[in-house]
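A.B. asks: Would you mind keeping the following structure in view while I ask a few things?
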Amino acid sequence: MRQEGLVIANDSAIRRTRNGPIAPTGRGAQIALWVVQIVLAAMFIFAGGSKLVGASAMVDMFNAIGVGQWFRYVTGAIETSAAVMLLIPSAAVFGALLLIPTMIGAVATNLFLDQSPAPPLLLLLFASAVAWARRGQLQSVLSRVAAH
């Protein structure tokens, strides 16, 4: 059955995007995606905020890294900005994309500091899942930029 831009099959709806793959539009899938985005945003607001306010654990960790405290501020700003973007529908894909290299760096840093890489790996997995689920938004933006 067809309805304007939607293909209904097997009790699930999928939307065909103009320039890319089909995106899930089922209510459950959308709710799950938003739950992941909200949880990620909360975690990164907390993590980035603790870096920006100078929590002693964060200051000690960045001292151990040896790059300097300026890097703590940069990392905190990246994490809090990405968290806010995750909560804005049109910017969520960019927030997730910003977190991917940040979490790759966090995994490497945890390995360097002989800490478990599991927490940043898990966050990397969720950020990657959001970026993948929102890839149609990115394709849409890129096609608009290319058209100009």
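So you can find residues: chains in the structure tokens are A, B, ... in the order shown, residues in each start at 1, and ligands are numbered from 1 in order.
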Using only C-alpha atoms, determine which residues lie at most 8 Å from range 38-53 of chain A, disregarding the query and same-chain residues fewer than 2 positions distant; provide the list as a list in words.
C.D. replies: Trp34, Val35, Val36, Ala55, Met58, Val59, Arg72, Tyr73, Thr75, Gly76, Ala77, Ile78, Glu79, Thr80, Ala82, Ala83, Val84, Leu86, Leu87, Leu123, Phe126 and Ala127 of chain A
A.B. asks: From a DSSP pass on the backbone, collect the residues of range 6-132 of chain A flagged as strand (DSSP E or B) and hand them back as a VMD selection string.
C.D. replies: chain A and resid 6 to 9 12 to 16 22 to 24
A.B. asks: Would you save the residues from that selection as a compact mmCIF listing (two decimals), in the first residue's frame, using N, CA and C atoms?
C.D. replies:
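Output (out-v9.txt):
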# COMPACT_ATOMS: atom_id res chain seq x y z
N LEU A 6 5.37 7.26 1.63
CA LEU A 6 5.52 6.16 2.57
C LEU A 6 5.22 4.84 1.86
N VAL A 7 5.91 3.84 2.24
CA VAL A 7 5.62 2.50 1.78
C VAL A 7 5.24 1.71 3.03
N ILE A 8 4.04 1.14 3.04
CA ILE A 8 3.57 0.38 4.19
C ILE A 8 3.70 -1.10 3.85
N ALA A 9 4.45 -1.82 4.66
CA ALA A 9 4.61 -3.26 4.45
C ALA A 9 4.88 -3.92 5.78
N SER A 12 4.91 -2.08 9.21
CA SER A 12 5.89 -1.05 9.57
C SER A 12 6.00 -0.07 8.41
N ALA A 13 6.18 1.16 8.75
CA ALA A 13 6.27 2.20 7.73
C ALA A 13 7.72 2.61 7.57
N ILE A 14 8.12 2.84 6.35
CA ILE A 14 9.45 3.37 6.07
C ILE A 14 9.30 4.52 5.10
N ARG A 15 10.11 5.54 5.27
CA ARG A 15 10.05 6.70 4.40
C ARG A 15 11.23 6.64 3.45
N ARG A 16 10.95 6.83 2.19
CA ARG A 16 12.03 6.91 1.22
C ARG A 16 12.49 8.36 1.18
N ILE A 22 16.33 4.33 2.89
CA ILE A 22 15.08 4.46 3.61
C ILE A 22 15.37 4.64 5.09
N ALA A 23 14.53 5.39 5.76
CA ALA A 23 14.71 5.66 7.19
C ALA A 23 13.52 5.11 7.96
N PRO A 24 13.75 4.46 9.09
CA PRO A 24 12.63 3.91 9.85
C PRO A 24 11.75 5.02 10.41
A.B. asks: Record the distance separating CA of Val93 in chain A and CA of Gly26 in chain A, expressed in Å with one decimal.
C.D. replies: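 About the pair CA of Val93 in chain A and CA of Gly26 in chain A: they are 18.7 Å apart.
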A.B. asks: Could you give me, as a list in words, the residues within 8 Å of range 60-71 of chain A, counting only C-alpha atoms and dropping anything in the same chain fewer than 4 positions from it?
C.D. replies: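 With the cut-off at 8 Å, the set is Ser56, Thr75, Thr109 and Leu113 of chain A.
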A.B. asks: Could you write out, as JSON, numbers by chain, all the residues of chain A that DSSP marks as helix (DSSP H, G or I)?
C.D. replies: {"A": [27, 28, 29, 30, 31, 32, 33, 34, 35, 36, 37, 38, 39, 40, 41, 42, 43, 44, 45, 46, 47, 48, 49, 50, 51, 52, 53, 56, 57, 58, 59, 60, 61, 62, 63, 64, 65, 69, 70, 71, 72, 73, 74, 75, 76, 77, 78, 79, 80, 81, 82, 83, 84, 85, 86, 92, 93, 94, 95, 96, 97, 98, 99, 100, 101, 102, 103, 104, 105, 106, 107, 108, 109, 110, 111, 112, 118, 119, 120, 121, 122, 123, 124, 125, 126, 127, 128, 129, 130, 131, 132, 133, 135, 136, 137, 138, 139, 140, 141, 142, 143, 144, 145, 146, 147]}
A.B. asks: Just the number, please: distance in Å from CA of Gln30 in chain A to CA of Ile104 in chain A, one decimal.
C.D. replies: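 Separation of CA of Gln30 in chain A and CA of Ile104 in chain A: 26.3 Å.
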A.B. asks: Determine the nearest neighbour of Leu138 in chain A from the options A:Val74, A:Phe94, A:Ala57, A:Gln37, counting only C-alpha atoms.
C.D. replies: A:Phe94
A.B. asks: I'd like the contact shell of Ala131 in chain A - 8 Å cut-off, only C-alpha atoms, skipping same-chain residues fewer than 2 positions apart - returned as an MDAnalysis selection string.
C.D. replies: chainID A and resid 92:94 96:97 127:129 133:135
A.B. asks: Now that the selection is made, can you save its residues with C-alpha atoms as an mmCIF file, in the first residue's frame?
C.D. replies:
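Saved to selection.cif:
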data_model
loop_
_atom_site.group_PDB
_atom_site.id
_atom_site.type_symbol
_atom_site.label_atom_id
_atom_site.label_comp_id
_atom_site.auth_asym_id
_atom_site.auth_seq_id
_atom_site.Cartn_x
_atom_site.Cartn_y
_atom_site.Cartn_z
ATOM 1 C CA ALA A 92 21.205 15.590 16.191
ATOM 2 C CA VAL A 93 23.243 13.951 13.436
ATOM 3 C CA PHE A 94 25.951 16.608 13.837
ATOM 4 C CA ALA A 96 26.508 12.380 17.113
ATOM 5 C CA LEU A 97 29.194 12.913 14.471
ATOM 6 C CA ALA A 127 26.851 7.861 19.159
ATOM 7 C CA SER A 128 27.579 5.826 16.029
ATOM 8 C CA ALA A 129 24.103 4.289 16.156
ATOM 9 C CA ALA A 133 19.981 6.318 12.206
ATOM 10 C CA ARG A 134 20.079 10.030 11.332
ATOM 11 C CA ARG A 135 22.234 9.659 8.202
#
A.B. asks: Which is closer to Leu122 in chain A than all the others in A:Arg27, A:Ala108, A:Met103, A:Gln139, using only C-alpha atoms?
C.D. replies: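 Looking only at the distances to Leu122 in chain A, the closest residue turns out to be A:Met103.
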A.B. asks: Can you measure CA of Pro101 in chain A to CA of Ser116 in chain A for me? One decimal in Å is fine.
C.D. replies: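 It comes out at 17.9 Å.
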A.B. asks: Determine the nearest neighbour of Pro89 in chain A from the options A:Leu111, A:Leu124, A:Val130, A:Ala146, counting only C-alpha atoms.
C.D. replies: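 Closest residue, counting only C-alpha atoms: A:Val130.
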